[in-house]
file data_7.txt (compact mmCIF, C-alpha atoms)
# COMPACT_ATOMS: atom_id res chain seq x y z
CA MET F 29 0.00 0.00 0.00
CA LYS F 30 2.80 2.40 0.91
CA LYS F 31 4.71 1.55 -2.28
CA VAL F 32 1.67 2.30 -4.43
CA ALA F 33 1.20 5.69 -2.76
CA VAL F 34 4.86 6.61 -3.26
CA VAL F 35 4.76 5.66 -6.95
CA LEU F 36 1.61 7.73 -7.54
CA ILE F 37 3.15 10.78 -5.86
CA ALA F 38 6.35 10.42 -7.88
CA LEU F 39 4.39 10.27 -11.15
CA VAL F 40 2.40 13.38 -10.27
CA LEU F 41 5.42 15.35 -9.11
CA ALA F 42 7.19 14.48 -12.35
CA SER F 43 4.49 16.28 -14.27
CA LEU F 44 5.42 19.55 -12.54
CA PHE F 45 8.38 19.88 -14.82
CA ILE F 46 6.93 18.49 -18.04
CA TYR F 47 4.96 21.00 -20.07
CA SER F 48 3.64 21.09 -23.60
CA PRO F 49 4.41 23.89 -26.01
CA ILE F 50 2.06 26.81 -25.39
CA SER F 51 1.00 29.55 -27.74
CA SER F 52 2.71 32.88 -26.99
CA ALA F 53 5.04 31.21 -24.53
CA GLN F 54 8.21 29.23 -24.75
CA THR F 55 8.29 25.50 -24.22
CA VAL F 56 9.59 24.57 -20.80
CA LEU F 57 11.77 21.54 -21.43
CA SER F 58 11.26 18.37 -19.44
CA GLN F 59 13.57 18.40 -16.43
CA ALA F 60 14.41 15.73 -13.91
CA ILE F 61 13.07 16.44 -10.45
CA PRO F 62 16.03 17.26 -8.20
CA THR F 63 16.22 15.78 -4.74
CA PRO F 64 16.07 18.79 -2.38
CA TYR F 65 19.35 19.30 -0.58
CA LEU F 66 21.29 21.76 1.56
CA ASN F 67 25.03 21.49 2.11
CA VAL F 68 27.28 23.79 4.14
CA THR F 69 31.02 23.32 3.61
CA GLU F 70 34.05 25.32 4.68
CA THR F 71 37.52 25.85 3.24
CA ASN F 72 40.39 28.02 4.43
CA GLN F 73 39.06 31.00 2.44
CA THR F 74 35.30 30.41 2.12
CA VAL F 75 32.05 29.07 3.51
CA ILE F 76 29.84 27.55 0.82
CA ILE F 77 26.07 27.22 1.23
CA LYS F 78 24.59 25.13 -1.57
CA THR F 79 20.89 24.35 -2.01
CA THR F 80 18.63 22.95 -4.72
CA TYR F 81 18.17 26.40 -6.33
CA ASN F 82 21.13 28.55 -5.30
CA GLU F 83 24.70 28.51 -4.06
CA LEU F 84 26.19 31.29 -1.93
CA ILE F 85 29.91 31.67 -1.27
CA ILE F 86 31.04 33.73 1.74
CA ASN F 87 34.52 35.27 1.60
CA LYS F 88 36.10 34.83 5.04
CA LYS F 89 38.62 37.58 4.41
CA THR F 90 36.03 40.28 3.58
CA ASN F 91 33.27 38.75 5.79
CA SER F 92 30.87 39.19 2.86
CA PRO F 93 28.68 37.22 0.42
CA SER F 94 31.00 37.20 -2.58
CA VAL F 95 29.52 34.84 -5.21
CA ILE F 96 26.03 33.56 -5.95
CA TYR F 97 24.99 30.85 -8.41
CA ALA F 98 21.72 29.66 -9.88
CA THR F 99 22.02 25.87 -9.53
CA LYS F 100 18.72 24.19 -10.43
CA ASN F 101 18.66 22.93 -14.03
CA GLU F 102 21.83 24.94 -14.79
CA LYS F 103 24.69 22.79 -16.03
CA PRO F 104 27.15 23.99 -14.95
CA ALA F 105 25.77 26.29 -12.25
CA LEU F 106 25.32 29.84 -13.55
CA GLN F 107 27.18 32.62 -11.71
CA VAL F 108 24.73 35.51 -11.36
CA ASN F 109 27.04 38.31 -10.24
CA PRO F 110 29.96 39.42 -12.43
CA LYS F 111 33.44 38.61 -11.18
CA GLY F 112 34.74 41.34 -8.93
CA LEU F 113 31.30 42.42 -7.71
CA PRO F 114 29.66 41.12 -4.52
CA ALA F 115 26.78 38.67 -4.57
CA ILE F 116 24.53 40.68 -2.23
CA ASP F 117 25.51 44.07 -0.89
CA VAL F 118 24.33 47.23 0.86
CA ILE F 119 25.33 50.72 -0.26
CA TYR F 120 24.18 53.99 1.25
CA VAL F 121 24.14 57.72 0.55
CA SER F 122 25.51 59.93 3.30
CA ASP F 123 26.45 63.60 2.99
CA GLY F 124 26.11 63.36 -0.78
CA SER F 125 28.53 60.42 -1.11
CA THR F 126 27.65 56.88 -2.21
CA LEU F 127 29.47 54.36 -0.01
CA LYS F 128 29.63 50.61 0.49
CA VAL F 129 28.95 49.01 3.86
CA ASN F 130 32.09 47.66 5.48
CA TRP F 131 31.34 44.11 6.66
CA THR F 132 33.15 43.31 9.89
CA SER F 133 31.93 39.83 10.82
CA TYR F 134 29.59 37.00 9.87
CA GLN F 135 28.00 33.94 11.42
CA VAL F 136 26.46 30.89 9.72
CA ILE F 137 23.75 29.09 11.69
CA GLN F 138 22.15 25.85 10.50
CA ARG F 139 18.62 26.07 11.91
CA SER F 140 17.66 22.58 10.71
CA PRO F 141 18.79 20.03 8.11
CA ASP F 142 16.75 22.01 5.55
CA LEU F 143 17.32 25.64 6.65
CA VAL F 144 20.44 27.76 7.09
CA GLU F 145 20.96 31.40 8.05
CA ALA F 146 23.97 33.62 7.37
CA ASP F 147 24.17 36.82 9.44
CA PHE F 148 26.51 39.66 8.45
CA THR F 149 27.41 42.65 10.61
CA GLY F 150 28.61 45.92 9.07
CA THR F 151 29.28 49.51 10.02
CA VAL F 152 27.69 52.77 8.94
CA GLY F 153 29.68 55.57 10.53
CA ASP F 154 29.62 54.81 14.23
CA SER F 155 26.57 52.55 13.97
CA THR F 156 26.13 48.91 13.01
CA LEU F 157 23.71 47.20 10.68
CA THR F 158 22.91 43.55 10.04
CA LEU F 159 22.13 41.63 6.88
CA ARG F 160 20.46 38.24 7.27
CA ILE F 161 20.35 35.74 4.39
CA ILE F 162 18.10 32.68 4.79
CA MET F 163 18.31 29.71 2.42
CA GLY F 164 16.54 26.34 2.41
CA SER F 165 16.65 23.05 0.55
CA PHE F 166 12.99 23.30 -0.50
CA ARG F 167 13.02 27.08 -1.15
CA PRO F 168 13.28 28.40 -4.73
CA TYR F 169 14.05 31.82 -3.25
CA ILE F 170 16.36 33.53 -0.74
CA ASP F 171 14.95 35.64 2.09
CA ILE F 172 16.99 38.75 2.91
CA VAL F 173 16.40 40.97 5.96
CA LEU F 174 18.21 44.30 6.41
CA THR F 175 18.23 45.98 9.83
CA ALA F 176 19.85 49.42 9.70
CA PRO F 177 20.12 52.50 11.98
CA SER F 178 18.82 55.94 11.10
CA GLY F 179 21.22 58.44 9.62
CA PRO F 180 22.09 58.10 5.92
CA THR F 181 19.81 59.60 3.29
CA MET F 182 19.07 56.22 1.63
CA TYR F 183 19.99 52.57 1.98
CA TYR F 184 20.25 50.44 -1.16
CA LEU F 185 20.04 46.66 -0.93
CA VAL F 186 21.63 45.55 -4.22
CA VAL F 187 22.17 42.29 -6.11
CA PRO F 188 24.55 42.69 -9.06
CA VAL F 189 23.38 40.69 -12.11
CA ASN F 190 25.71 39.86 -14.98
CA GLU F 191 24.20 41.53 -18.03
CA SER F 192 25.77 38.98 -20.40
CA ILE F 193 23.51 36.18 -19.06
CA ALA F 194 20.87 37.21 -21.63
CA ASP F 195 20.71 39.12 -24.92
CA LEU F 196 18.08 41.62 -23.82
CA TRP F 197 16.74 42.83 -20.48
CA THR F 198 13.37 44.29 -19.61
CA GLN F 199 11.76 45.13 -16.30
CA ALA F 200 8.29 44.52 -14.90
CA ILE F 201 6.98 45.83 -11.60
CA SER F 202 3.76 45.59 -9.61
CA TYR F 203 2.93 47.88 -6.69
CA TYR F 204 -0.12 49.07 -4.80
CA SER F 205 -1.58 52.53 -5.36
CA GLY F 206 -4.00 52.65 -2.48
CA ALA F 207 -6.13 49.51 -2.78
CA SER F 208 -5.43 48.88 -6.47
CA LEU F 209 -2.49 47.02 -7.96
CA THR F 210 -0.49 48.82 -10.67
CA ILE F 211 1.54 46.68 -13.07
CA GLN F 212 4.03 48.12 -15.54
CA THR F 213 6.62 46.87 -17.98
CA THR F 214 9.46 49.32 -18.54
CA ASN F 215 13.10 49.59 -19.40
CA VAL F 216 15.54 48.78 -16.62
CA THR F 217 15.17 51.71 -14.23
CA LEU F 218 14.63 52.58 -10.57
CA MET F 219 10.95 53.36 -9.93
CA SER F 220 9.12 54.93 -7.00
CA THR F 221 6.70 52.50 -5.33
CA GLY F 222 5.32 54.68 -2.56
CA LEU F 223 6.27 51.94 -0.05
CA GLY F 224 3.65 49.68 -1.68
CA LEU F 225 5.82 47.23 -3.63
CA ASP F 226 4.27 43.91 -4.60
CA ALA F 227 7.06 42.48 -6.77
CA ILE F 228 9.65 43.34 -9.38
CA ALA F 229 11.42 41.23 -11.99
CA LEU F 230 14.29 41.71 -14.39
CA LEU F 231 13.59 39.45 -17.36
CA GLY F 232 16.60 38.26 -19.34
CA LEU F 233 15.47 37.37 -22.88
CA ASN F 234 17.33 35.51 -25.58
CA GLN F 235 16.65 36.53 -29.18
CA ALA F 236 16.60 34.02 -32.03
CA ASN F 237 14.62 33.88 -35.30
CA ASN F 238 12.69 37.02 -34.37
CA THR F 239 11.48 35.30 -31.21
CA ASN F 240 12.23 36.22 -27.60
CA THR F 241 12.51 33.40 -25.09
CA LEU F 242 12.74 33.98 -21.36
CA LYS F 243 16.12 32.72 -20.21
CA PHE F 244 16.68 34.17 -16.76
CA ILE F 245 14.79 35.97 -13.98
CA ALA F 246 16.23 38.14 -11.23
CA GLY F 247 13.53 39.59 -9.05
CA TYR F 248 12.06 39.95 -5.59
CA SER F 249 8.82 40.51 -3.75
CA ASN F 250 8.36 42.37 -0.51
CA LEU F 251 8.79 40.07 2.49
CA PRO F 252 5.60 40.13 4.63
CA GLY F 253 6.04 41.91 7.94
CA TYR F 254 8.89 44.14 6.79
CA VAL F 255 9.18 47.68 5.39
CA SER F 256 8.53 47.92 1.66
CA PRO F 257 11.12 49.75 -0.46
CA ALA F 258 10.41 53.35 -1.45
CA GLU F 259 12.06 52.66 -4.81
CA ALA F 260 12.63 49.39 -6.66
CA GLY F 261 14.09 48.30 -9.96
CA GLY F 262 17.35 47.94 -11.80
CA ILE F 263 20.21 50.42 -12.10
CA TYR F 264 22.80 50.47 -14.86
CA PRO F 265 26.25 51.76 -13.81
CA SER F 266 25.80 54.74 -16.14
CA ASP F 267 22.80 55.85 -14.05
CA LEU F 268 24.87 56.17 -10.87
CA GLN F 269 26.15 59.56 -9.87
CA GLU F 270 28.87 57.83 -7.89
CA ASN F 271 29.82 54.22 -8.57
CA PRO F 272 31.02 52.44 -5.41
CA TYR F 273 32.38 49.53 -7.48
CA ASN F 274 35.45 49.45 -9.66
CA ALA F 275 33.62 47.85 -12.58
CA THR F 276 31.77 50.36 -14.75
CA SER F 277 29.79 48.21 -17.20
CA GLY F 278 28.44 44.73 -17.93
CA TYR F 279 26.06 44.46 -14.99
CA ILE F 280 22.72 45.61 -13.59
CA LEU F 281 22.13 46.36 -9.92
CA LEU F 282 18.81 44.84 -8.87
CA THR F 283 17.89 47.34 -6.17
CA ALA F 284 15.55 47.94 -3.24
CA ALA F 285 15.92 51.45 -1.80
CA TYR F 286 14.86 52.50 1.71
CA PRO F 287 14.82 55.97 3.30
CA GLY F 288 17.37 56.24 6.08
CA GLY F 289 15.80 58.96 8.22
CA THR F 290 14.47 56.36 10.68
CA PRO F 291 15.68 52.86 11.62
CA VAL F 292 15.05 50.39 8.81
CA ALA F 293 13.74 46.83 9.10
CA ALA F 294 13.44 45.76 5.47
CA GLY F 295 12.94 42.39 3.85
CA VAL F 296 12.76 40.94 0.33
CA ARG F 297 12.20 37.47 -1.13
CA LEU F 298 14.83 37.13 -3.86
CA VAL F 299 14.62 34.86 -6.90
CA LEU F 300 17.58 34.12 -9.19
CA THR F 301 16.62 31.38 -11.61
CA GLY F 302 16.13 30.26 -15.16
CA TYR F 303 12.52 30.25 -16.35
CA ASP F 304 10.82 28.19 -13.63
CA PRO F 305 7.06 28.76 -13.16
CA TYR F 306 7.10 27.09 -9.75
CA ALA F 307 9.85 29.39 -8.45
CA ILE F 308 8.03 32.44 -9.81
CA LEU F 309 4.79 31.48 -8.06
CA ALA F 310 6.52 30.51 -4.81
CA ALA F 311 8.23 33.91 -4.59
CA GLY F 312 5.15 35.93 -5.61
CA LEU F 313 6.51 37.30 -8.91
CA GLU F 314 3.66 36.09 -11.11
CA GLU F 315 1.92 39.47 -11.61
CA PRO F 316 4.82 41.45 -13.14
CA ILE F 317 6.04 38.45 -15.15
CA LYS F 318 2.57 37.76 -16.62
CA ASN F 319 2.43 41.40 -17.69
CA ALA F 320 5.81 41.28 -19.44
CA TYR F 321 5.57 37.70 -20.66
CA PRO F 322 1.86 36.81 -21.14
CA GLY F 323 2.43 33.17 -22.07
CA ALA F 324 3.69 32.49 -18.55
CA ALA F 325 0.08 32.52 -17.30
CA GLU F 326 -0.58 29.18 -19.02
CA ASP F 327 2.50 27.66 -17.42
CA PHE F 328 1.33 28.91 -14.02
CA LYS F 329 -1.98 27.09 -14.52
CA VAL F 330 -0.15 23.83 -15.08
CA VAL F 331 1.73 24.26 -11.80
CA VAL F 332 -1.37 25.28 -9.84
CA TYR F 333 -3.61 22.53 -11.20
CA THR F 334 -0.91 19.93 -10.76
CA ASN F 335 -0.42 21.08 -7.18
CA GLU F 336 -4.15 20.66 -6.63
CA LEU F 337 -3.86 17.14 -7.97
CA ILE F 338 -0.92 16.51 -5.67
CA ASP F 339 -3.03 17.77 -2.75
CA GLN F 340 -5.71 15.24 -3.66
CA PHE F 341 -3.14 12.46 -3.82
CA ASN F 342 -1.71 13.61 -0.49
CA LYS F 343 -5.18 13.42 1.03
CA SER F 344 -5.61 9.93 -0.41
CA VAL F 345 -2.22 8.89 0.90
CA ASN F 346 -3.06 10.27 4.35
CA LEU F 347 -6.36 8.37 4.28
CA LEU F 348 -4.53 5.19 3.28
CA LYS F 349 -2.01 5.79 6.07
CA GLU F 350 -4.87 6.20 8.54
CA ARG F 351 -6.51 2.99 7.34
CA LEU F 352 -3.18 1.18 7.50
CA SER F 353 -2.72 2.45 11.05
CA ASN F 354 -6.19 1.17 12.00
CA LEU F 355 -5.50 -2.20 10.38
CA THR F 356 -2.18 -2.38 12.22
CA LYS F 357 -3.93 -1.70 15.53
CA GLU F 358 -6.58 -4.30 14.73
CA ASN F 359 -3.87 -6.78 13.84
CA GLU F 360 -2.10 -6.03 17.12
CA ASN F 361 -5.35 -6.55 19.04
CA LEU F 362 -6.05 -9.82 17.20
CA THR F 363 -2.50 -10.99 17.85
CA LYS F 364 -2.94 -10.15 21.54
CA THR F 365 -6.28 -11.97 21.65
CA LEU F 366 -4.78 -14.97 19.86
CA ALA F 367 -1.97 -15.06 22.41
CA GLU F 368 -4.55 -14.97 25.18
CA TYR F 369 -6.49 -17.78 23.51
CA GLN F 370 -3.32 -19.78 23.06
CA GLY F 371 -2.64 -19.31 26.76
CA CYS F 372 -6.18 -20.43 27.55
CA GLU F 373 -5.74 -23.46 25.28
CA SER F 374 -2.60 -24.47 27.15
CA TYR F 375 -4.40 -24.04 30.48
CA TRP F 376 -7.40 -26.09 29.46
CA LYS F 377 -5.23 -28.80 27.98
CA ASN F 378 -3.66 -29.21 31.40
CA GLU F 379 -7.09 -29.11 33.00
CA VAL F 380 -8.30 -31.81 30.60
CA LYS F 381 -5.29 -33.95 31.47
CA VAL F 382 -6.09 -33.55 35.17
CA ARG F 383 -9.75 -34.41 34.54
CA ASP F 384 -8.76 -37.39 32.39
CA TYR F 385 -6.51 -38.64 35.20
CA GLN F 386 -9.25 -38.13 37.77
CA ILE F 387 -11.78 -39.89 35.55
CA GLU F 388 -9.36 -42.75 35.06
CA ARG F 389 -8.92 -43.14 38.82
CA LEU F 390 -12.66 -42.88 39.40
CA THR F 391 -13.25 -45.47 36.69
CA ASP F 392 -10.77 -47.83 38.34
CA ARG F 393 -12.35 -47.20 41.70
CA ILE F 394 -15.82 -47.71 40.38
CA GLN F 395 -14.76 -50.89 38.70
CA LYS F 396 -13.19 -52.16 41.91
CA GLU F 397 -16.11 -51.02 44.04
CA GLY F 398 -18.52 -52.57 41.53
CA ALA F 399 -16.78 -55.98 41.85
CA ILE F 400 -16.95 -55.80 45.63
CA SER F 401 -20.61 -54.87 45.51
CA ILE F 402 -21.40 -57.81 43.23
CA ALA F 403 -19.45 -60.15 45.48
CA ALA F 404 -21.23 -58.77 48.48
CA PHE F 405 -24.50 -59.24 46.66
CA PHE F 406 -23.79 -62.87 45.91
CA ILE F 407 -22.53 -63.47 49.42
CA GLY F 408 -25.59 -61.76 50.80
CA ALA F 409 -27.78 -63.77 48.51
CA LEU F 410 -26.04 -66.97 49.49
CA LEU F 411 -26.30 -66.16 53.13
CA GLY F 412 -29.92 -65.33 52.58
CA VAL F 413 -30.56 -68.72 50.99
CA ILE F 414 -28.72 -70.55 53.76
CA GLY F 415 -30.49 -68.54 56.38
CA GLY F 416 -33.81 -69.22 54.78
CA TYR F 417 -33.07 -72.89 54.51
CA TYR F 418 -32.07 -72.98 58.13
CA VAL F 419 -35.21 -71.19 59.22
CA LEU F 420 -37.40 -73.44 57.15
CA GLY F 421 -35.64 -76.47 58.59
CA VAL F 422 -36.26 -75.28 62.12
CA GLN F 423 -39.89 -74.58 61.34
CA LYS F 424 -40.32 -78.12 59.95
CA LYS F 425 -38.76 -79.62 63.06
CA VAL F 426 -41.12 -77.66 65.28
CA LYS F 427 -44.13 -78.86 63.34
CA ILE F 428 -43.06 -82.48 63.50
CA THR F 429 -42.49 -82.22 67.19
CA ARG F 430 -45.83 -80.73 67.76
CA ARG F 431 -47.52 -83.52 65.86
CA ARG F 432 -45.80 -86.02 67.88
CA ARG F 433 -47.13 -84.51 70.99
call {"tool": "encode", "arguments": {"input": "data_7.txt", "output": "structure tokens"}}
result
Amino acid sequence: MKKVAVVLIALVLASLFIYSPISSAQTVLSQAIPTPYLNVTETNQTVIIKTTYNELIINKKTNSPSVIYATKNEKPALQVNPKGLPAIDVIYVSDGSTLKVNWTSYQVIQRSPDLVEADFTGTVGDSTLTLRIIMGSFRPYIDIVLTAPSGPTMYYLVVPVNESIADLWTQAISYYSGASLTIQTTNVTLMSTGLGLDAIALLGLNQANNTNTLKFIAGYSNLPGYVSPAEAGGIYPSDLQENPYNATSGYILLTAAYPGGTPVAAGVRLVLTGYDPYAILAAGLEEPIKNAYPGAAEDFKVVVYTNELIDQFNKSVNLLKERLSNLTKENENLTKTLAEYQGCESYWKNEVKVRDYQIERLTDRIQKEGAISIAAFFIGALLGVIGGYYVLGVQKKVKITRRRR
């Protein structure tokens, strides 16, 4: 029963990554389902956190996240940030100057076999800030939390993306204007969100035969419970008044900007992946991506409906598990009862042996007593005959005597 349930689940899960060609959308090629994993290893120079979807390398010398890879379905793993630029960074504007945070220490904490957290501490003037990066084996995204003091004009949480990953880049953003959701597709640029960001995505497109196919996605949604960015989007180096990095071209800074007048507790859910409808949905990027790449909506349906089917199978499996548990308990009770009956059988067998022995003795006794009784009967009868004869004889003698008189 368990084997059947496992096979059914495996077949359904396999369909998550097998799609048919869809009009106005690219074909998502069949991919093997990876076994979710999380590995943390350490060398003399680095700490490496590798999961199903991403790999992060921490430089022990600079105490910073230095390299990030997209790992799922990428052979070999695709380095997202250009060489020489950090993987995830914080820059800030203070007194008209654009500066990088100086990271002073880090700590890697494995919360469970499937969840790891890397905490970085940096300085801003005389104050400290923290950057927390959370990765998991089952997570197609990376959660990032920035806690910063008041002071600088703006904080910028940035993820450098290698521009050469794709032929063409476009940007889609969704944010709330009051109660309504605004969705726009634009060129790569930093846009005001009014602290109402829903999600943003940089879409890397490959061009061939007058057709654009979606190759790579770098985007994030606002992490629930944390401050939304005041501005979000991508920045080309040419758009920076002051470039805090040595490199001047060949990359885009995926950016979330926060005002620094008050303490900041900001959070984003980051996605760095090839075209993966499940990852997009899991991170909440479906609205801007549907707007920029309409065919994705059909792929989302496949994931959603398949997940519903998986839910039904899970319910069936749980029901089968419950029935199996009940049958196991019944079997245990029957086994216990059988043992009790077997014990009773042994007891009564002994009792029967005792009774048989007693019956045998009684039979022997009865037989012996019966023989004695018969003998006594015959003796009594004989004595009775003799006695009767004697009495009769006496009576005859008395009669004769009387006659003679």
call {"tool": "atom_distance", "arguments": {"input": "data_7.txt", "atom1": "atom CA of Ser353 of chain F", "atom2": "atom CA of Ala367 of chain F"}}
result
20.9 Å
call {"tool": "residues_around", "arguments": {"input": "data_7.txt", "residues": "segment 206-212 of chain F", "least_positions_apart": "3", "cutoff": "10 Å", "atoms": "all atoms listed in the file", "output": "list in words"}}
result
Gln199, Ala200, Ile201, Ser202, Tyr203, Asn215, Thr221, Gly222, Gly224, Leu225, Asp226, Ala227, Ile228, Glu315, Pro316, Ile317, Lys318, Asn319 and Ala320 of chain F
call {"tool": "atom_distance", "arguments": {"input": "data_7.txt", "atom1": "atom CA of Gly312 of chain F", "atom2": "atom CA of Gln235 of chain F"}}
result
26.2 Å
call {"tool": "closest_residue", "arguments": {"input": "data_7.txt", "among": "F:Thr71, F:Asn91, F:Thr181, F:Asn130", "to": "Gly289 of chain F", "atoms": "only C-alpha atoms"}}
result
F:Thr181
call {"tool": "residues_around", "arguments": {"input": "data_7.txt", "residues": "Val108 of chain F", "least_positions_apart": "6", "cutoff": "10 Å", "atoms": "only C-alpha atoms", "output": "PyMOL selection string"}}
result
chain F and resi 82+95-98+115+187-193+244+246+279+300-301
call {"tool": "closest_residue", "arguments": {"input": "data_7.txt", "among": "F:Gln269, F:Pro252, F:Val121, F:Val216", "to": "Tyr286 of chain F", "atoms": "all atoms listed in the file"}}
result
F:Val121
call {"tool": "atom_distance", "arguments": {"input": "data_7.txt", "atom1": "atom CA of Tyr184 of chain F", "atom2": "atom CA of Ser94 of chain F"}}
result
17.1 Å
call {"tool": "residues_near_point", "arguments": {"input": "data_7.txt", "point": "(9.7, 47.1, 4.8)", "cutoff": "7 Å", "atoms": "all atoms listed in the file", "output": "PDB file with C-alpha atoms, in the coordinates of the input"}}
result
ATOM      1  CA  TYR F 254       8.890  44.140   6.790  1.00  0.00           C
ATOM      2  CA  VAL F 255       9.180  47.680   5.390  1.00  0.00           C
ATOM      3  CA  SER F 256       8.530  47.920   1.660  1.00  0.00           C
ATOM      4  CA  PRO F 257      11.120  49.750  -0.460  1.00  0.00           C
ATOM      5  CA  ALA F 293      13.740  46.830   9.100  1.00  0.00           C
ATOM      6  CA  ALA F 294      13.440  45.760   5.470  1.00  0.00           C
ATOM      7  CA  GLY F 295      12.940  42.390   3.850  1.00  0.00           C
TER       8      GLY F 295
END
call {"tool": "residues_around", "arguments": {"input": "data_7.txt", "residues": "segment 154-158 of chain F", "least_positions_apart": "6", "cutoff": "10 Å", "atoms": "all atoms listed in the file", "output": "PyMOL selection string"}}
result
chain F and resi 118+129-134+147-148+173-179+291-293
